$ cat model22.txt   # compact mmCIF, C-alpha atoms
# COMPACT_ATOMS: atom_id res chain seq x y z
CA MET A 978 223.96 91.01 180.13
CA LEU A 979 225.03 87.39 180.05
CA ASP A 980 228.59 88.38 179.17
CA ALA A 981 228.59 90.81 182.09
CA LEU A 982 227.30 88.12 184.43
CA VAL A 983 230.01 85.71 183.31
CA ALA A 984 232.59 88.48 183.83
CA GLY A 985 231.48 88.84 187.45
CA THR A 986 228.99 91.73 187.39
CA THR A 987 226.00 90.96 189.59
CA ASP A 988 224.59 94.43 190.36
CA PRO A 989 220.97 94.46 189.00
CA GLU A 990 221.17 98.20 188.29
CA ILE A 991 224.27 97.87 186.14
CA LEU A 992 223.00 94.74 184.38
CA ALA A 993 219.59 96.25 183.61
CA GLU A 994 221.21 99.28 181.98
CA LEU A 995 222.75 96.93 179.41
CA ALA A 996 219.27 96.17 178.04
CA ARG A 997 218.53 97.21 174.46
CA GLY A 998 215.52 97.90 172.30
CA LYS A 999 212.05 97.20 173.64
CA LEU A 1000 213.50 95.62 176.78
CA ARG A 1001 214.43 99.07 178.07
CA ALA A 1002 210.75 99.83 178.52
CA LYS A 1003 210.67 97.16 181.24
CA LEU A 1004 213.70 98.22 183.30
CA PRO A 1005 211.96 98.07 186.74
CA ALA A 1006 210.76 94.50 186.13
CA LEU A 1007 214.14 93.59 184.63
CA LYS A 1008 216.02 94.85 187.68
CA GLU A 1009 213.77 92.78 189.90
CA ALA A 1010 214.32 89.69 187.75
CA LEU A 1011 218.11 90.13 187.92
CA GLU A 1012 218.17 89.98 191.70
CA GLY A 1013 219.24 86.56 192.91
CA ARG A 1014 222.13 84.15 193.32
CA PHE A 1015 224.60 83.78 190.50
CA GLN A 1016 227.40 81.48 191.50
CA ALA A 1017 230.65 80.46 189.86
CA LEU A 1018 229.06 77.26 188.54
CA HIS A 1019 226.38 79.30 186.76
CA ALA A 1020 229.05 81.49 185.20
CA LEU A 1021 230.94 78.40 184.01
CA VAL A 1022 227.90 76.84 182.32
CA ILE A 1023 226.69 80.09 180.69
CA GLY A 1024 230.23 80.91 179.59
CA ALA A 1025 230.49 77.54 177.85
CA ILE A 1026 227.13 78.09 176.11
CA LEU A 1027 228.13 81.56 174.92
CA ALA A 1028 231.46 80.24 173.64
CA HIS A 1029 229.63 77.50 171.72
CA LEU A 1030 227.29 80.07 170.18
CA ASP A 1031 230.29 82.16 169.09
CA PHE A 1032 231.81 79.05 167.52
CA LEU A 1033 228.58 78.29 165.64
CA ASP A 1034 228.35 81.88 164.37
CA GLU A 1035 231.92 81.63 163.11
CA GLN A 1036 231.21 78.36 161.30
CA ILE A 1037 228.02 79.80 159.76
CA ASP A 1038 230.01 82.74 158.44
CA ARG A 1039 232.65 80.40 156.96
CA LEU A 1040 230.05 78.21 155.29
CA SER A 1041 228.14 81.25 154.03
CA ASP A 1042 231.31 82.57 152.41
CA ALA A 1043 231.93 79.18 150.77
CA ILE A 1044 228.34 79.02 149.49
CA GLU A 1045 228.57 82.55 148.11
CA GLU A 1046 231.82 81.64 146.33
CA GLN A 1047 230.28 78.55 144.73
CA LEU A 1048 227.18 80.48 143.67
CA GLY A 1049 229.24 83.32 142.23
CA PRO A 1050 228.32 82.53 138.59
CA PHE A 1051 224.67 82.37 139.62
CA ALA A 1052 224.58 85.56 141.70
CA THR A 1053 222.17 87.18 139.25
CA GLY A 1054 219.82 84.24 139.55
CA VAL A 1055 219.88 84.43 143.35
CA ARG A 1056 219.00 88.13 143.22
CA LEU A 1057 216.22 87.37 140.74
CA ALA A 1058 214.70 84.63 142.91
CA SER A 1059 214.90 86.90 145.96
CA THR A 1060 212.30 89.22 144.42
CA ILE A 1061 209.56 86.62 145.04
CA PRO A 1062 207.63 87.45 148.25
CA GLY A 1063 208.73 85.18 151.09
CA VAL A 1064 211.96 84.10 149.37
CA ALA A 1065 214.88 85.28 151.50
CA ALA A 1066 218.46 85.30 150.26
CA ARG A 1067 219.28 81.90 151.80
CA THR A 1068 216.11 80.37 150.38
CA ALA A 1069 216.91 81.82 146.96
CA GLU A 1070 220.35 80.20 147.11
CA VAL A 1071 218.80 76.80 147.81
CA MET A 1072 216.29 77.20 144.98
CA VAL A 1073 218.97 78.18 142.46
CA ALA A 1074 221.27 75.38 143.66
CA GLU A 1075 218.57 72.71 143.35
CA ILE A 1076 216.62 73.93 140.30
CA GLY A 1077 219.26 75.86 138.40
CA THR A 1078 218.74 78.83 136.12
CA ASP A 1079 218.30 77.05 132.77
CA MET A 1080 214.58 76.49 132.31
CA SER A 1081 215.00 74.77 128.93
CA ARG A 1082 215.05 71.48 130.87
CA PHE A 1083 211.42 72.07 131.80
CA PRO A 1084 209.06 72.54 128.82
CA SER A 1085 206.55 74.34 131.03
CA ALA A 1086 206.04 75.63 134.55
CA GLY A 1087 203.92 72.56 135.19
CA HIS A 1088 206.87 70.29 134.41
CA LEU A 1089 209.00 72.15 136.96
CA ALA A 1090 206.27 71.89 139.60
CA SER A 1091 205.86 68.17 138.87
CA TRP A 1092 209.61 67.55 139.09
CA ALA A 1093 209.70 69.37 142.43
CA GLY A 1094 206.81 67.26 143.73
CA ARG A 1095 204.39 70.15 143.96
CA CYS A 1096 201.63 68.78 141.72
CA PRO A 1097 198.74 66.55 142.89
CA GLY A 1098 199.08 62.87 142.07
CA ASN A 1099 196.81 61.17 139.56
CA HIS A 1100 195.78 57.77 140.89
CA GLN A 1101 192.70 56.29 139.27
CA SER A 1102 191.52 52.71 139.41
CA ALA A 1103 188.31 51.22 138.01
CA GLY A 1104 187.05 54.68 137.20
CA LYS A 1105 187.54 55.90 140.77
CA ARG A 1106 189.95 58.63 141.76
CA ARG A 1107 192.04 57.64 144.77
CA SER A 1108 194.77 59.41 146.72
CA GLY A 1109 195.97 62.64 145.10
CA ARG A 1110 199.18 62.85 147.09
CA SER A 1111 202.06 64.72 145.50
CA ARG A 1112 205.10 62.79 144.39
CA LYS A 1113 208.29 63.10 146.41
CA GLY A 1114 210.62 65.82 145.22
CA CYS A 1115 213.98 67.15 146.36
CA LYS A 1116 214.11 67.23 150.18
CA TRP A 1117 216.15 70.44 150.43
CA LEU A 1118 214.04 72.25 147.86
CA GLY A 1119 210.92 71.14 149.74
CA ILE A 1120 212.23 72.66 152.99
CA ALA A 1121 213.11 75.91 151.22
CA LEU A 1122 209.67 76.11 149.60
CA GLU A 1123 208.00 75.46 152.96
CA GLU A 1124 209.86 78.38 154.54
CA ALA A 1125 209.19 80.63 151.55
CA ALA A 1126 205.48 79.81 151.43
CA LEU A 1127 205.02 80.44 155.16
CA ALA A 1128 206.83 83.76 154.86
CA ALA A 1129 204.77 84.68 151.79
CA THR A 1130 201.51 84.14 153.69
CA ARG A 1131 202.70 86.82 156.12
CA THR A 1132 203.70 89.30 153.41
CA ASN A 1133 200.93 91.87 153.52
CA GLY A 1134 199.52 93.10 150.23
CA SER A 1135 200.97 90.25 148.17
CA TYR A 1136 199.16 87.95 145.76
CA LEU A 1137 200.54 84.87 147.50
CA GLN A 1138 199.04 85.96 150.81
CA ALA A 1139 195.70 86.64 149.12
CA GLN A 1140 195.82 83.22 147.46
CA TYR A 1141 196.46 81.49 150.77
CA GLN A 1142 193.72 83.40 152.61
CA ARG A 1143 191.26 82.62 149.82
CA LEU A 1144 191.98 78.87 149.80
CA ARG A 1145 192.54 78.09 153.48
CA PRO A 1146 188.86 78.21 154.60
CA ARG A 1147 187.90 75.81 151.83
CA ILE A 1148 190.77 73.30 151.67
CA GLY A 1149 192.68 73.81 154.92
CA HIS A 1150 196.11 75.12 155.86
CA GLY A 1151 198.26 72.34 154.40
CA ARG A 1152 196.75 72.25 150.92
CA ALA A 1153 196.48 76.04 150.74
CA LEU A 1154 200.17 76.27 151.61
CA GLY A 1155 200.87 73.68 148.92
CA ALA A 1156 199.10 75.91 146.39
CA VAL A 1157 201.36 78.80 147.41
CA LYS A 1158 204.44 76.60 146.91
CA HIS A 1159 203.16 75.68 143.45
CA SER A 1160 202.66 79.37 142.61
CA ILE A 1161 206.21 80.17 143.73
CA LEU A 1162 207.59 77.51 141.38
CA VAL A 1163 205.42 78.73 138.50
CA ALA A 1164 206.66 82.27 139.09
CA TYR A 1165 210.26 80.99 139.25
CA TRP A 1166 209.92 79.26 135.87
CA HIS A 1167 208.44 82.32 134.16
CA MET A 1168 210.98 84.68 135.73
CA PHE A 1169 214.00 82.65 134.68
CA THR A 1170 212.54 81.93 131.26
CA ALA A 1171 212.00 85.62 130.55
CA GLY A 1172 214.83 86.95 132.72
CA GLU A 1173 212.47 89.31 134.53
CA ILE A 1174 211.96 90.09 138.21
CA TYR A 1175 208.81 89.04 140.04
CA ASN A 1176 205.75 91.12 139.17
CA ASP A 1177 203.25 90.82 142.01
CA LEU A 1178 199.57 90.76 141.08
CA GLY A 1179 198.70 92.46 144.37
CA GLY A 1180 196.72 91.50 147.42
CA ASP A 1181 193.53 92.79 145.82
CA TYR A 1182 193.89 90.59 142.71
CA TYR A 1183 190.83 88.45 143.44
CA GLN A 1184 188.73 91.50 144.27
CA ARG A 1185 189.67 93.11 140.97
CA ARG A 1186 189.06 89.88 139.08
CA ASP A 1187 185.64 89.24 140.61
CA PRO A 1188 184.32 92.29 142.52
CA GLN A 1189 180.87 90.71 142.83
CA ARG A 1190 182.39 87.85 144.86
CA GLN A 1191 183.12 90.19 147.75
CA ILE A 1192 179.58 91.54 147.65
CA ARG A 1193 178.10 88.03 147.66
CA ARG A 1194 180.33 87.03 150.55
CA LEU A 1195 179.19 90.06 152.57
CA ILE A 1196 175.54 89.29 151.80
CA ASN A 1197 176.00 85.67 152.94
CA GLN A 1198 177.57 86.83 156.18
CA LEU A 1199 174.70 89.25 156.82
CA GLU A 1200 172.08 86.61 156.05
CA ARG A 1201 173.73 84.19 158.49
CA LEU A 1202 173.27 86.92 161.09
CA GLY A 1203 169.57 87.03 160.26
CA GLN A 1204 169.63 90.18 158.14
CA HIS A 1205 167.95 89.81 154.76
CA VAL A 1206 169.53 91.84 151.97
CA THR A 1207 168.02 92.60 148.58
CA LEU A 1208 170.03 94.16 145.81
CA GLU A 1209 168.24 96.70 143.66
CA PRO A 1210 169.36 97.48 140.12
CA ALA A 1211 171.22 100.74 139.74
CA ALA A 1212 169.28 103.67 138.36
CA ALA A 1213 169.79 104.33 134.69

$ encode --input "model22.txt" --output "structure tokens"
Amino acid sequence: MLDALVAGTTDPEILAELARGKLRAKLPALKEALEGRFQALHALVIGAILAHLDFLDEQIDRLSDAIEEQLGPFATGVRLASTIPGVAARTAEVMVAEIGTDMSRFPSAGHLASWAGRCPGNHQSAGKRRSGRSRKGCKWLGIALEEAALAATRTNGSYLQAQYQRLRPRIGHGRALGAVKHSILVAYWHMFTAGEIYNDLGGDYYQRRDPQRQIRRLINQLERLGQHVTLEPAAA
């Protein structure tokens, strides 16, 4: 529609028919919104913005091709990392570029998490535990892990989502998200050590591990509502 406007088309009927997807369900409102003044100055400004967007898309494609060429020897590693929930192809490329694929440098998954700055600090003085802030890790890896963890919390039926939902009420969003980042790194270490794709434990992992926990939680919720519940032993 913007291209048509820049080209000189101002008829709301014609412009509205260019709508795609879900926007077509709102054609009457769209036609009404397209009625108005669209002068040559508007066309000049929008044309410049669209040209800049085309330029950026072209540069992104060029850089993506260069990145893919450089990561050619590590293509298998990128595909392996992409199997982790929340880790998109671009995020996987960053993880492989920053961490590598040789896990012999890290004796354990904990060493990798510590190197990446995803382990709590250990600051004790005079027998008192002070700030447990994580150490600073690689900036670009940190950004990639942030995006991956946020995406993982929205991946329905995944262990990482279940982990986040279990921890958030108790320790808050930030620390729960940090735990998901740590889990992603632990999974990365094990996957690249064994050369295996990600094996998700499932969104019901905690229910399977401790089924009584869900029952106790339900009882607590009912008791807060003023309903007393007594469990009777099952008949033999």

$ atom_distance --input "model22.txt" --atom1 "atom CA of A:Gln1016" --atom2 "atom CA of A:Asp1031"
22.6 Å

$ closest_residue --input "model22.txt" --among "A:Glu1173, A:Lys1113, A:Ala1006, A:Gly1180" --to "A:Gln1140" --atoms "all atoms listed in the file"
A:Gly1180

$ closest_residue --input "model22.txt" --among "A:Leu1162, A:Glu1009, A:Ser1091, A:Ala1017" --to "A:Thr986" --atoms "only C-alpha atoms"
A:Ala1017

$ closest_residue --input "model22.txt" --among "A:Trp1092, A:Phe1015, A:Phe1169, A:Tyr1136" --to "A:Phe1051" --atoms "all atoms listed in the file"
A:Phe1169

$ closest_residue --input "model22.txt" --among "A:Asp1042, A:Glu1012, A:Asp980, A:Asp988" --to "A:Gly1024" --atoms "all atoms listed in the file"
A:Asp980

$ atom_distance --input "model22.txt" --atom1 "atom CA of A:Lys1003" --atom2 "atom CA of A:Met978"
14.7 Å

$ residues_around --input "model22.txt" --residues "A:Lys1158" --least-positions-apart "6" --cutoff "9 Å" --atoms "all atoms listed in the file" --output "tab-separated table (two decimals) with C-alpha atoms, in the coordinates of the input"
chain	number	residue	atom	x	y	z
A	1090	ALA	CA	206.27	71.89	139.60
A	1095	ARG	CA	204.39	70.15	143.96
A	1119	GLY	CA	210.92	71.14	149.74
A	1122	LEU	CA	209.67	76.11	149.60
A	1123	GLU	CA	208.00	75.46	152.96
A	1125	ALA	CA	209.19	80.63	151.55
A	1126	ALA	CA	205.48	79.81	151.43

$ atom_distance --input "model22.txt" --atom1 "atom CA of A:Asp1079" --atom2 "atom CA of A:Gly1049"
15.8 Å

$ residues_near_point --input "model22.txt" --point "(200.9, 85.1, 151.7)" --cutoff "9 Å" --atoms "only C-alpha atoms" --output "JSON, numbers by chain"
{"A": [1062, 1063, 1126, 1127, 1128, 1129, 1130, 1131, 1132, 1133, 1134, 1135, 1136, 1137, 1138, 1139, 1140, 1141, 1142, 1154, 1157, 1180]}

$ residues_near_point --input "model22.txt" --point "(211.6, 87.2, 144.9)" --cutoff "10 Å" --atoms "only C-alpha atoms" --output "ChimeraX atom specification"
/A:1055-1066,1068-1069,1125,1161,1164-1165,1168,1174-1177

$ build_atoms --input "model22.txt" --residues "stretch 1150-1161 of chain A" --atoms "all heavy atoms" --output "PDB file, keeping the file's coordinate frame"
ATOM      1  N   HIS A1150     194.785  74.474 155.861  1.00  0.00           N
ATOM      2  CA  HIS A1150     196.110  75.120 155.860  1.00  0.00           C
ATOM      3  C   HIS A1150     197.104  74.391 154.959  1.00  0.00           C
ATOM      4  O   HIS A1150     197.780  75.017 154.137  1.00  0.00           O
ATOM      5  CB  HIS A1150     196.640  75.179 157.296  1.00  0.00           C
ATOM      6  CG  HIS A1150     198.095  75.521 157.375  1.00  0.00           C
ATOM      7  ND1 HIS A1150     198.576  76.805 157.177  1.00  0.00           N
ATOM      8  CD2 HIS A1150     199.185  74.740 157.623  1.00  0.00           C
ATOM      9  CE1 HIS A1150     199.893  76.806 157.303  1.00  0.00           C
ATOM     10  NE2 HIS A1150     200.287  75.573 157.574  1.00  0.00           N
ATOM     11  N   GLY A1151     197.229  73.076 155.116  1.00  0.00           N
ATOM     12  CA  GLY A1151     198.260  72.340 154.400  1.00  0.00           C
ATOM     13  C   GLY A1151     198.135  72.442 152.886  1.00  0.00           C
ATOM     14  O   GLY A1151     199.119  72.719 152.192  1.00  0.00           O
ATOM     15  N   ARG A1152     196.941  72.229 152.380  1.00  0.00           N
ATOM     16  CA  ARG A1152     196.750  72.250 150.920  1.00  0.00           C
ATOM     17  C   ARG A1152     196.825  73.675 150.385  1.00  0.00           C
ATOM     18  O   ARG A1152     197.303  73.895 149.265  1.00  0.00           O
ATOM     19  CB  ARG A1152     195.414  71.608 150.575  1.00  0.00           C
ATOM     20  CG  ARG A1152     195.361  70.110 150.897  1.00  0.00           C
ATOM     21  CD  ARG A1152     193.995  69.528 150.656  1.00  0.00           C
ATOM     22  NE  ARG A1152     193.620  69.564 149.248  1.00  0.00           N
ATOM     23  CZ  ARG A1152     192.425  69.235 148.785  1.00  0.00           C
ATOM     24  NH1 ARG A1152     191.478  68.849 149.643  1.00  0.00           N
ATOM     25  NH2 ARG A1152     192.168  69.284 147.496  1.00  0.00           N
ATOM     26  N   ALA A1153     196.361  74.644 151.173  1.00  0.00           N
ATOM     27  CA  ALA A1153     196.480  76.040 150.740  1.00  0.00           C
ATOM     28  C   ALA A1153     197.946  76.446 150.665  1.00  0.00           C
ATOM     29  O   ALA A1153     198.362  77.147 149.735  1.00  0.00           O
ATOM     30  CB  ALA A1153     195.719  76.957 151.702  1.00  0.00           C
ATOM     31  N   LEU A1154     198.731  75.980 151.641  1.00  0.00           N
ATOM     32  CA  LEU A1154     200.170  76.270 151.610  1.00  0.00           C
ATOM     33  C   LEU A1154     200.828  75.583 150.425  1.00  0.00           C
ATOM     34  O   LEU A1154     201.736  76.135 149.792  1.00  0.00           O
ATOM     35  CB  LEU A1154     200.810  75.805 152.922  1.00  0.00           C
ATOM     36  CG  LEU A1154     202.198  76.370 153.232  1.00  0.00           C
ATOM     37  CD1 LEU A1154     202.118  77.869 153.484  1.00  0.00           C
ATOM     38  CD2 LEU A1154     202.806  75.676 154.445  1.00  0.00           C
ATOM     39  N   GLY A1155     200.354  74.375 150.097  1.00  0.00           N
ATOM     40  CA  GLY A1155     200.870  73.680 148.920  1.00  0.00           C
ATOM     41  C   GLY A1155     200.600  74.450 147.642  1.00  0.00           C
ATOM     42  O   GLY A1155     201.429  74.466 146.724  1.00  0.00           O
ATOM     43  N   ALA A1156     199.431  75.101 147.569  1.00  0.00           N
ATOM     44  CA  ALA A1156     199.100  75.910 146.390  1.00  0.00           C
ATOM     45  C   ALA A1156     200.042  77.101 146.278  1.00  0.00           C
ATOM     46  O   ALA A1156     200.440  77.495 145.168  1.00  0.00           O
ATOM     47  CB  ALA A1156     197.654  76.386 146.474  1.00  0.00           C
ATOM     48  N   VAL A1157     200.418  77.674 147.419  1.00  0.00           N
ATOM     49  CA  VAL A1157     201.360  78.800 147.410  1.00  0.00           C
ATOM     50  C   VAL A1157     202.734  78.320 146.929  1.00  0.00           C
ATOM     51  O   VAL A1157     203.402  79.004 146.145  1.00  0.00           O
ATOM     52  CB  VAL A1157     201.458  79.432 148.810  1.00  0.00           C
ATOM     53  CG1 VAL A1157     202.544  80.507 148.838  1.00  0.00           C
ATOM     54  CG2 VAL A1157     200.122  80.041 149.214  1.00  0.00           C
ATOM     55  N   LYS A1158     203.164  77.153 147.378  1.00  0.00           N
ATOM     56  CA  LYS A1158     204.440  76.600 146.910  1.00  0.00           C
ATOM     57  C   LYS A1158     204.418  76.405 145.390  1.00  0.00           C
ATOM     58  O   LYS A1158     205.396  76.719 144.693  1.00  0.00           O
ATOM     59  CB  LYS A1158     204.712  75.251 147.594  1.00  0.00           C
ATOM     60  CG  LYS A1158     204.884  75.323 149.089  1.00  0.00           C
ATOM     61  CD  LYS A1158     205.065  73.914 149.651  1.00  0.00           C
ATOM     62  CE  LYS A1158     205.041  73.893 151.166  1.00  0.00           C
ATOM     63  NZ  LYS A1158     205.173  72.533 151.716  1.00  0.00           N
ATOM     64  N   HIS A1159     203.303  75.887 144.894  1.00  0.00           N
ATOM     65  CA  HIS A1159     203.160  75.680 143.450  1.00  0.00           C
ATOM     66  C   HIS A1159     203.259  77.012 142.717  1.00  0.00           C
ATOM     67  O   HIS A1159     203.944  77.119 141.683  1.00  0.00           O
ATOM     68  CB  HIS A1159     201.817  75.015 143.162  1.00  0.00           C
ATOM     69  CG  HIS A1159     201.585  74.703 141.717  1.00  0.00           C
ATOM     70  ND1 HIS A1159     201.032  75.624 140.839  1.00  0.00           N
ATOM     71  CD2 HIS A1159     201.837  73.592 140.984  1.00  0.00           C
ATOM     72  CE1 HIS A1159     200.959  75.088 139.641  1.00  0.00           C
ATOM     73  NE2 HIS A1159     201.431  73.848 139.691  1.00  0.00           N
ATOM     74  N   SER A1160     202.628  78.051 143.250  1.00  0.00           N
ATOM     75  CA  SER A1160     202.660  79.370 142.610  1.00  0.00           C
ATOM     76  C   SER A1160     204.078  79.944 142.601  1.00  0.00           C
ATOM     77  O   SER A1160     204.485  80.602 141.640  1.00  0.00           O
ATOM     78  CB  SER A1160     201.724  80.341 143.340  1.00  0.00           C
ATOM     79  OG  SER A1160     200.373  79.937 143.190  1.00  0.00           O
ATOM     80  N   ILE A1161     204.828  79.688 143.670  1.00  0.00           N
ATOM     81  CA  ILE A1161     206.210  80.170 143.730  1.00  0.00           C
ATOM     82  C   ILE A1161     207.041  79.512 142.629  1.00  0.00           C
ATOM     83  O   ILE A1161     207.844  80.170 141.951  1.00  0.00           O
ATOM     84  CB  ILE A1161     206.812  79.891 145.117  1.00  0.00           C
ATOM     85  CG1 ILE A1161     206.165  80.795 146.172  1.00  0.00           C
ATOM     86  CG2 ILE A1161     208.324  80.097 145.109  1.00  0.00           C
ATOM     87  CD1 ILE A1161     206.611  80.515 147.584  1.00  0.00           C
TER      88      ILE A1161
END
